[in-house]
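J.: My file is query_0.cif. It has mmCIF, C-alpha atoms:
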```cif
data_input
loop_
_atom_site.label_atom_id
_atom_site.label_comp_id
_atom_site.auth_asym_id
_atom_site.auth_seq_id
_atom_site.Cartn_x
_atom_site.Cartn_y
_atom_site.Cartn_z
CA MET A 99 60.81 -17.02 -111.99
CA ALA A 100 57.09 -17.27 -111.23
CA SER A 101 57.58 -20.41 -109.11
CA ASP A 102 60.12 -18.64 -106.89
CA LEU A 103 57.77 -15.70 -106.35
CA GLU A 104 54.92 -18.11 -105.64
CA GLY A 105 56.98 -19.82 -102.96
CA LYS A 106 57.80 -16.50 -101.33
CA ALA A 107 54.14 -15.46 -101.50
CA LYS A 108 53.02 -18.67 -99.79
CA ALA A 109 55.62 -18.16 -97.04
CA ALA A 110 54.45 -14.57 -96.54
CA PHE A 111 50.83 -15.73 -96.32
CA ILE A 112 51.71 -18.39 -93.71
CA ASP A 113 53.40 -15.71 -91.60
CA ASP A 114 50.28 -13.47 -91.89
CA HIS A 115 52.02 -10.93 -94.17
CA PHE A 116 48.99 -10.69 -96.43
CA GLU A 117 49.82 -7.42 -98.18
CA LEU A 118 53.26 -8.73 -99.08
CA ALA A 119 51.68 -11.98 -100.27
CA VAL A 120 49.34 -10.07 -102.62
CA ASP A 121 52.28 -8.10 -104.02
CA LEU A 122 54.31 -11.26 -104.64
CA TYR A 123 51.39 -13.11 -106.24
CA THR A 124 50.85 -10.09 -108.51
CA GLN A 125 54.49 -10.22 -109.62
CA ALA A 126 54.20 -13.98 -110.22
CA LEU A 127 51.06 -13.44 -112.32
CA SER A 128 52.88 -10.89 -114.48
CA LEU A 129 55.21 -13.75 -115.43
CA SER A 130 52.54 -16.46 -115.57
CA PRO A 131 49.18 -14.77 -116.38
CA LYS A 132 47.35 -18.04 -117.15
CA ASN A 133 48.08 -19.70 -113.80
CA ALA A 134 44.73 -20.39 -112.09
CA GLU A 135 46.41 -21.44 -108.83
CA LEU A 136 48.03 -18.02 -108.50
CA PHE A 137 44.70 -16.24 -108.98
CA ALA A 138 42.99 -18.51 -106.43
CA ASP A 139 45.76 -17.97 -103.88
CA ARG A 140 45.77 -14.20 -104.41
CA ALA A 141 42.00 -14.26 -103.90
CA GLN A 142 42.57 -15.78 -100.46
CA ALA A 143 45.20 -13.18 -99.57
CA ASN A 144 42.86 -10.38 -100.68
CA PHE A 145 40.09 -11.95 -98.60
CA LYS A 146 42.34 -11.82 -95.52
CA LEU A 147 42.88 -8.10 -96.21
CA ARG A 148 39.07 -7.66 -96.53
CA ASN A 149 39.52 -6.68 -100.19
CA PHE A 150 36.42 -8.68 -101.03
CA THR A 151 35.74 -7.19 -104.48
CA GLU A 152 39.31 -7.97 -105.57
CA ALA A 153 38.95 -11.47 -104.10
CA VAL A 154 35.84 -12.10 -106.23
CA ALA A 155 37.65 -10.87 -109.35
CA ASP A 156 40.62 -13.18 -108.68
CA ALA A 157 38.37 -16.16 -107.96
CA ASN A 158 36.38 -15.53 -111.16
CA ARG A 159 39.61 -15.45 -113.15
CA ALA A 160 40.75 -18.73 -111.58
CA ILE A 161 37.40 -20.32 -112.44
CA GLU A 162 37.64 -19.05 -116.01
CA LEU A 163 41.09 -20.62 -116.38
CA GLU A 164 40.27 -23.85 -114.52
CA PRO A 165 36.50 -24.47 -114.11
CA SER A 166 37.06 -27.64 -112.06
CA MET A 167 38.94 -25.90 -109.22
CA ALA A 168 36.71 -26.32 -106.16
CA LYS A 169 38.69 -23.95 -103.94
CA ALA A 170 38.17 -21.10 -106.40
CA TYR A 171 34.40 -21.45 -105.93
CA LEU A 172 34.92 -21.61 -102.17
CA ARG A 173 36.87 -18.36 -102.19
CA LYS A 174 34.42 -16.64 -104.49
CA GLY A 175 31.54 -17.72 -102.27
CA ASN A 176 33.23 -16.49 -99.10
CA ALA A 177 33.99 -13.09 -100.63
CA CYS A 178 30.46 -12.71 -102.04
CA PHE A 179 29.03 -13.63 -98.64
CA GLU A 180 31.00 -10.80 -97.01
CA LEU A 181 29.71 -8.44 -99.74
CA GLU A 182 26.16 -9.52 -98.76
CA GLU A 183 25.59 -11.04 -102.22
CA TYR A 184 24.10 -14.17 -100.72
CA GLN A 185 22.46 -15.59 -103.86
CA THR A 186 25.72 -15.44 -105.80
CA ALA A 187 27.62 -16.86 -102.83
CA LYS A 188 25.18 -19.78 -102.57
CA ALA A 189 25.52 -20.55 -106.29
CA ALA A 190 29.32 -20.58 -105.97
CA PHE A 191 29.21 -22.88 -102.93
CA LYS A 192 26.83 -25.28 -104.73
CA SER A 193 29.18 -25.45 -107.70
CA GLY A 194 32.09 -26.13 -105.37
CA ALA A 195 30.14 -28.84 -103.54
CA THR A 196 29.48 -30.59 -106.86
CA LEU A 197 33.20 -30.60 -107.61
CA ALA A 198 34.21 -31.64 -104.08
CA PRO A 199 31.35 -33.73 -102.64
CA GLY A 200 33.51 -34.86 -99.73
CA ASP A 201 34.17 -31.33 -98.47
CA SER A 202 31.67 -30.72 -95.66
CA ARG A 203 32.43 -26.98 -95.55
CA PHE A 204 30.21 -26.34 -98.55
CA THR A 205 27.14 -27.80 -96.85
CA GLY A 206 27.45 -25.49 -93.87
CA LEU A 207 28.16 -22.44 -96.01
CA ILE A 208 25.16 -23.11 -98.26
CA LYS A 209 22.99 -23.29 -95.15
CA LYS A 210 24.36 -19.95 -93.93
CA CYS A 211 23.50 -18.36 -97.29
CA GLU A 212 19.97 -19.74 -97.18
CA GLU A 213 19.47 -18.29 -93.70
CA LYS A 214 20.64 -14.87 -94.88
CA ILE A 215 18.45 -15.03 -98.00
CA ALA A 216 15.42 -15.92 -95.88
CA GLU A 217 16.31 -13.12 -93.45
CA GLU A 218 16.45 -10.58 -96.28
CA SER A 219 13.13 -11.71 -97.74
CA GLY A 220 11.40 -11.52 -94.38
CA ASP A 221 10.76 -15.27 -94.17
CA VAL A 222 12.83 -15.81 -91.04
CA VAL A 223 11.15 -17.90 -88.39
CA GLU A 224 12.46 -16.58 -85.13
CA LYS A 225 13.69 -19.15 -82.67
CA PRO A 226 11.77 -19.17 -79.37
CA LEU A 227 13.52 -17.09 -76.76
CA GLU A 228 14.99 -18.85 -73.79
CA LYS A 229 12.99 -18.43 -70.66
CA ALA A 230 14.23 -15.23 -69.07
CA PRO A 231 14.37 -14.63 -65.33
CA THR A 232 11.16 -13.06 -64.08
CA SER A 233 10.57 -10.54 -61.35
CA VAL A 234 7.40 -10.18 -59.34
CA VAL A 235 5.39 -7.00 -58.84
CA PRO A 236 3.40 -6.39 -55.66
CA PRO A 237 0.12 -8.40 -55.39
CA VAL A 238 -2.97 -6.80 -56.87
CA VAL A 239 -6.37 -7.33 -55.22
CA GLN A 240 -9.58 -6.18 -56.89
CA PRO A 241 -11.89 -4.35 -54.48
CA GLY A 242 -14.89 -6.37 -53.40
CA LYS A 243 -13.39 -9.65 -54.56
CA GLY A 244 -12.41 -12.44 -52.23
CA SER A 245 -9.96 -14.03 -54.61
CA LEU A 246 -6.30 -14.36 -53.78
CA PRO A 247 -3.91 -11.80 -55.25
CA GLN A 248 -2.19 -12.83 -58.49
CA GLU A 249 1.51 -12.39 -59.21
CA VAL A 250 2.23 -10.60 -62.52
CA PRO A 251 5.56 -11.68 -64.14
CA VAL A 252 7.67 -9.04 -65.86
CA THR A 253 9.90 -10.25 -68.73
CA PRO A 254 12.98 -8.19 -69.67
CA ILE A 255 12.86 -6.51 -73.10
CA ARG A 256 15.26 -7.96 -75.68
CA SER A 257 16.92 -6.10 -78.52
CA ARG A 258 14.95 -6.35 -81.76
CA TYR A 259 17.85 -5.96 -84.16
CA ARG A 260 21.11 -7.86 -84.56
CA HIS A 261 24.29 -5.80 -84.36
CA GLU A 262 28.05 -6.21 -84.65
CA PHE A 263 31.11 -4.00 -84.42
CA TYR A 264 34.76 -3.84 -85.37
CA GLN A 265 37.45 -1.32 -84.53
CA LYS A 266 40.55 0.39 -85.82
CA PRO A 267 43.05 2.47 -83.83
CA GLU A 268 41.13 5.66 -84.58
CA GLU A 269 37.47 4.55 -84.61
CA VAL A 270 34.85 1.91 -83.81
CA VAL A 271 32.26 1.01 -86.45
CA VAL A 272 28.91 -0.33 -85.17
CA THR A 273 26.49 -1.90 -87.65
CA ILE A 274 22.82 -2.42 -86.71
CA PHE A 275 21.00 -4.68 -89.18
CA ALA A 276 17.66 -2.88 -89.42
CA LYS A 277 16.02 -2.79 -92.85
CA GLY A 278 13.83 0.04 -94.11
CA ILE A 279 14.26 2.40 -91.15
CA PRO A 280 13.48 6.03 -92.17
CA ALA A 281 16.43 8.33 -91.50
CA LYS A 282 14.12 10.84 -89.77
CA ASP A 283 13.29 8.22 -87.15
CA VAL A 284 16.94 7.58 -86.20
CA THR A 285 18.49 9.64 -83.42
CA VAL A 286 21.94 8.98 -82.00
CA ASP A 287 23.10 10.68 -78.81
CA PHE A 288 26.91 10.60 -78.80
CA GLY A 289 28.28 10.70 -75.27
CA GLU A 290 31.61 12.17 -74.24
CA GLN A 291 33.29 9.42 -72.19
CA ILE A 292 35.99 8.15 -74.54
CA ILE A 293 34.87 9.44 -77.95
CA ILE A 294 34.95 12.73 -79.87
CA PRO A 295 31.27 13.59 -80.58
CA ASP A 296 32.03 16.14 -83.32
CA LYS A 297 33.87 13.50 -85.37
CA CYS A 298 31.26 10.75 -84.92
CA ARG A 299 28.68 10.12 -87.62
CA CYS A 300 25.68 7.95 -88.42
CA ASN A 301 24.67 6.64 -91.87
CA VAL A 302 21.16 5.24 -92.39
CA LEU A 303 21.16 2.80 -95.32
CA SER A 304 18.46 0.66 -96.88
CA THR A 305 19.46 -2.52 -95.02
CA LYS A 306 21.32 -1.27 -91.94
CA VAL A 307 22.36 1.66 -89.76
CA GLU A 308 26.10 2.30 -89.54
CA ILE A 309 27.51 4.32 -86.64
CA ARG A 310 31.15 5.45 -86.63
CA LEU A 311 32.57 6.43 -83.24
CA ALA A 312 35.79 8.48 -83.25
CA LYS A 313 38.04 7.41 -80.37
CA ALA A 314 39.42 10.08 -78.07
CA GLU A 315 42.47 7.86 -77.53
CA SER A 316 44.01 5.05 -79.58
CA ILE A 317 43.07 2.27 -77.18
CA GLN A 318 41.52 -1.14 -77.79
CA TRP A 319 37.89 -1.25 -76.62
CA THR A 320 36.94 -4.50 -74.90
CA SER A 321 33.21 -3.76 -75.02
CA LEU A 322 30.71 -1.35 -76.55
CA GLU A 323 29.29 -0.54 -73.11
CA PHE A 324 31.30 2.04 -71.20
CA SER A 325 32.47 1.36 -67.66
CA LYS A 326 35.46 2.33 -65.56
CA GLU A 327 36.85 -1.18 -65.99
CA ASN A 328 36.53 -1.09 -69.78
CA ALA A 329 38.05 2.40 -69.94
CA VAL A 330 41.42 0.99 -68.90
CA ALA A 331 42.22 -0.86 -72.14
CA GLN A 332 45.31 -1.83 -74.04
CA ARG A 333 46.84 1.16 -75.78
CA VAL A 334 47.56 0.84 -79.49
CA ASN A 335 51.15 1.62 -80.42
CA VAL A 336 51.08 4.58 -82.82
CA SER A 337 54.66 5.71 -82.34
CA SER A 338 56.11 7.82 -85.13
CA ASP A 339 58.97 5.32 -85.32
CA ALA A 340 56.62 2.57 -86.45
CA GLY A 341 57.21 3.34 -90.09
CA THR A 342 60.99 3.16 -89.82
CA HIS A 343 61.57 0.32 -87.34
CA ARG A 344 59.81 -2.83 -88.47
CA PRO A 345 60.00 -6.06 -86.47
CA SER A 346 61.54 -9.18 -87.97
CA TYR A 347 59.05 -12.05 -87.76
CA PRO A 348 60.19 -15.64 -87.18
CA SER A 349 59.37 -18.18 -89.88
CA SER A 350 58.46 -21.84 -89.46
CA LYS A 351 60.64 -22.67 -92.44
CA PRO A 352 64.28 -23.83 -91.96
CA LYS A 353 65.58 -21.05 -94.19
CA ARG A 354 65.15 -17.59 -92.71
CA VAL A 355 63.86 -14.84 -94.96
CA ASP A 356 64.74 -11.19 -94.50
CA TRP A 357 61.19 -9.84 -94.88
CA ASP A 358 62.25 -6.22 -94.37
CA LYS A 359 64.67 -6.43 -97.28
CA LEU A 360 62.17 -8.32 -99.44
CA GLU A 361 59.38 -5.82 -98.77
CA ALA A 362 61.71 -2.91 -99.53
CA GLU A 363 62.60 -4.48 -102.87
CA VAL A 364 58.91 -5.01 -103.71
CA LYS A 365 58.04 -1.41 -102.88
CA LYS A 366 60.99 -0.16 -104.92
CA GLN A 367 59.82 -2.19 -107.93
CA GLU A 368 56.26 -0.89 -107.48
CA LYS A 369 57.50 2.68 -107.38
CA GLU A 370 59.56 2.24 -110.54
CA GLU A 371 56.87 0.29 -112.37
CA LYS A 372 54.43 2.25 -114.49
CA LEU A 373 50.99 0.67 -114.33
CA ASP A 374 49.18 -0.01 -117.56
CA GLY A 375 46.44 -2.23 -118.88
CA ASP A 376 44.39 -4.11 -116.26
CA ALA A 377 46.60 -2.99 -113.37
CA ALA A 378 46.02 0.70 -114.13
CA LEU A 379 42.30 0.10 -114.63
CA ASN A 380 41.99 -1.81 -111.34
CA LYS A 381 43.74 0.99 -109.46
CA PHE A 382 41.39 3.53 -111.04
CA PHE A 383 38.33 1.53 -109.88
CA ARG A 384 39.80 1.07 -106.38
CA ASP A 385 40.24 4.82 -106.07
CA ILE A 386 36.61 5.39 -107.08
CA TYR A 387 35.42 2.76 -104.59
CA GLN A 388 37.51 4.15 -101.73
CA ASP A 389 36.02 7.66 -102.03
CA ALA A 390 32.42 6.57 -102.73
CA ASP A 391 29.43 6.61 -100.36
CA GLU A 392 27.78 3.38 -99.21
CA ASP A 393 25.07 3.24 -101.90
CA THR A 394 27.65 3.77 -104.65
CA ARG A 395 29.80 1.00 -103.20
CA ARG A 396 26.80 -1.35 -103.06
CA ALA A 397 26.02 -0.57 -106.68
CA MET A 398 29.61 -1.28 -107.73
CA ARG A 399 29.75 -4.57 -105.78
CA LYS A 400 26.37 -5.81 -106.99
CA SER A 401 26.88 -4.94 -110.67
CA PHE A 402 30.43 -6.35 -110.73
CA VAL A 403 29.52 -9.66 -109.07
CA GLU A 404 26.22 -10.33 -110.89
CA SER A 405 27.66 -9.47 -114.31
CA ASN A 406 30.74 -11.66 -113.79
CA GLY A 407 33.00 -8.62 -113.96
CA THR A 408 31.63 -7.16 -117.21
CA VAL A 409 29.58 -4.27 -115.77
CA LEU A 410 30.51 -1.72 -113.10
CA SER A 411 27.72 0.70 -112.14
CA THR A 412 27.75 3.45 -109.51
CA ASN A 413 23.98 4.05 -109.64
CA TRP A 414 22.25 2.08 -106.86
CA LYS A 415 18.78 3.26 -107.92
CA GLU A 416 19.40 1.70 -111.32
CA VAL A 417 20.83 -1.67 -110.26
CA GLY A 418 19.47 -2.14 -106.73
CA SER A 419 16.07 -3.54 -107.74
CA LYS A 420 17.09 -5.87 -110.58
CA LYS A 421 19.72 -8.41 -111.53
CA VAL A 422 22.60 -6.97 -113.56
CA GLU A 423 23.12 -8.98 -116.73
CA GLY A 424 26.58 -9.48 -118.20
CA SER A 425 27.69 -7.18 -121.01
CA PRO A 426 30.85 -8.64 -122.60
CA PRO A 427 32.93 -6.84 -125.23
CA ASP A 428 32.03 -7.29 -128.89
CA GLY A 429 32.91 -10.73 -130.18
CA MET A 430 32.88 -12.36 -126.71
CA GLU A 431 30.27 -14.05 -124.57
CA VAL A 432 29.66 -14.44 -120.85
CA LYS A 433 30.12 -17.90 -119.31
CA LYS A 434 28.47 -18.30 -115.90
CA TRP A 435 30.92 -20.77 -114.37
CA GLU A 436 29.25 -20.77 -110.96
CA TYR A 437 26.18 -22.67 -112.22
#
```
Give the structure from this file in C-alpha cells form.

T.:
Amino acid sequence: MASDLEGKAKAAFIDDHFELAVDLYTQALSLSPKNAELFADRAQANFKLRNFTEAVADANRAIELEPSMAKAYLRKGNACFELEEYQTAKAAFKSGATLAPGDSRFTGLIKKCEEKIAEESGDVVEKPLEKAPTSVVPPVVQPGKGSLPQEVPVTPIRSRYRHEFYQKPEEVVVTIFAKGIPAKDVTVDFGEQIIIPDKCRCNVLSTKVEIRLAKAESIQWTSLEFSKENAVAQRVNVSSDAGTHRPSYPSSKPKRVDWDKLEAEVKKQEKEEKLDGDAALNKFFRDIYQDADEDTRRAMRKSFVESNGTVLSTNWKEVGSKKVEGSPPDGMEVKKWEY
C-alpha cells in the first residue's frame, strides 16, 4: 500500500538514504498519484540529492494538487534558489509566507533572494571593508624641505570576486562568480602538486568561471591552497568491494529495517519495470541534461521553471534574455500558483 511505502520512505530519509527515499516515494506515487504530501516529500529528497530541477517539478505538482501547502512553496523556493532563479524563488517564498505567516524562515529566505537579485542587477552596495593591518614603508623626505618624513600605509589587496568550491572523490570544482568576463582574458595555470593538469579544465560562462581540478589521488582536500600539511588528507575509500559489501545503518526506530534487502528489492523492481508515460519522458530529459553543456543546462532550467513545467528549451540565446511564458497543451491553461 502507498502508506506503507511512504512510511519506509520517511524512515530512509531520516537515516540519510536519500536515493532510496526517492525510489520509495516514486513507488508510493504510482499507487497514489494525487497525493500532494508525497510529491512535496519527494521534492525534499531530490533537493538533498541536488536534483534541483526534479525538486522544482515535484514541488509544482504538490502546489497544483494542494495550493495551500506552505512547505511545497518552501521547497520550490529552495530548489529555484540553487538553480539561480532568484525571482522565481522569491515569488515562491512570498506565497509560502502568506500561507504560514508565523514561519520566520520565509522572511530570511526572501531577503537572501533580494540580495542575489540586487547583486545580479549590479545594484549591490558593498559593505565597508574592515580595517586591515597596515605596514609602513621607509620615510620619504623631499629634497630641500624641512618637513618631517611622512609614513605611507600599505593596505593588502582583497579578492574582487566571491568564490566557492565543492569536491568529489575524483575532482574539485571551483566556481568564481565573475559576470561578463571575456574568455580570452581568462588564463589558468594548472600546477602539478596533487592534480592531473591534462584532465583539468576551465569553462567561462556568462555569470561565472568554473574550474574543474582532476585529483591525482582520491583524497579529501581540506583547503584550496596547497601546503605540505594539507597534502596529508583523509583518503576516500574507493575499494572495489564497495559495491558488494554495503554497511548496515542503525535506525532510531524500535523496529530494525534490513536496508540492504529493501534496496535490492527496489532495484529488482526497477530493472523489471518498463518505464512509460511521464517516467519515460523524465528519464529522457534527465539524459539530455546530464550530457549537455552549461548554457544548455541553464536554458533548460530557466525555461522549465519560468513556464511552470510547460516549456523545455535547450537554446540559451533564445531564452536567456526574456521570460519564458507558459505553453500548456490544447484545452488547458497555466495557473501560476506561486503568486

J.: Calculate how many Å separate CA of Glu363 (chain A) from CA of Ala126 (chain A), rounding to one decimal.

T.: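 According to the coordinates, CA of Glu363 (chain A) and CA of Ala126 (chain A) are separated by 14.7 Å.
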
J.: Counting only C-alpha atoms, what is within 10 Å of Pro280 (chain A), bar same-chain residues fewer than 3 positions away, as number ranges by chain?

T.: A: 277, 283-284, 302-304

J.: Please evaluate the PyMOL selection byres ((chain A and resi 124) around 10) against the structure above and give the resulting residues as a PyMOL selection string.

T.: chain A and resi 100+103-104+107+118-123+125-131+136-137+140+377

J.: Of the residues A:Ala153, A:Ile294, A:Val270, A:Ile279, which is the one nearest to Arg310 (chain A), using only C-alpha atoms?

T.: A:Val270

J.: Could you tell me how far CA of Asn380 (chain A) lies from CA of Asp114 (chain A), in Å and to one decimal?

T.: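 Atom-to-atom, CA of Asn380 (chain A) to CA of Asp114 (chain A), that is 24.1 Å.
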
J.: Looking at A:Arg159, A:Ser316, A:Asp389, A:Glu218, which one is nearest to Gly278 (chain A), with distances taken over only C-alpha atoms?

T.: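 Answer, going by the shortest atom-to-atom distance: A:Glu218.
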
J.: Work out how far apart CA of Gln185 (chain A) and CA of Ile386 (chain A) are and give it in Å to one decimal.

T.: 25.5 Å

J.: Can you translate the PyMOL selection byres ((chain A and resi 276) around 8) into the concrete residues it hits in this file, as a VMD selection string?

T.: chain A and resid 259 to 260 274 to 275 277 to 279 305 to 307

J.: Have a look at A:Lys174, A:Lys169, A:Lys421, A:Arg299 and name the one nearest to Ala312 (chain A); count only C-alpha atoms.

T.: A:Arg299

J.: What's the 9 Å shell around Lys188 (chain A), counting all atoms listed in the file, without same-chain residues fewer than 5 positions away, as a PyMOL selection string?

T.: chain A and resi 175+178-179+183+193+207-212

J.: Smallest atom-to-atom distance to Pro267 (chain A): which of A:Asp139, A:Asp385, A:Glu117, A:Glu315, using all atoms listed in the file?

T.: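 Smallest separation from Pro267 (chain A) among the options: A:Glu315.
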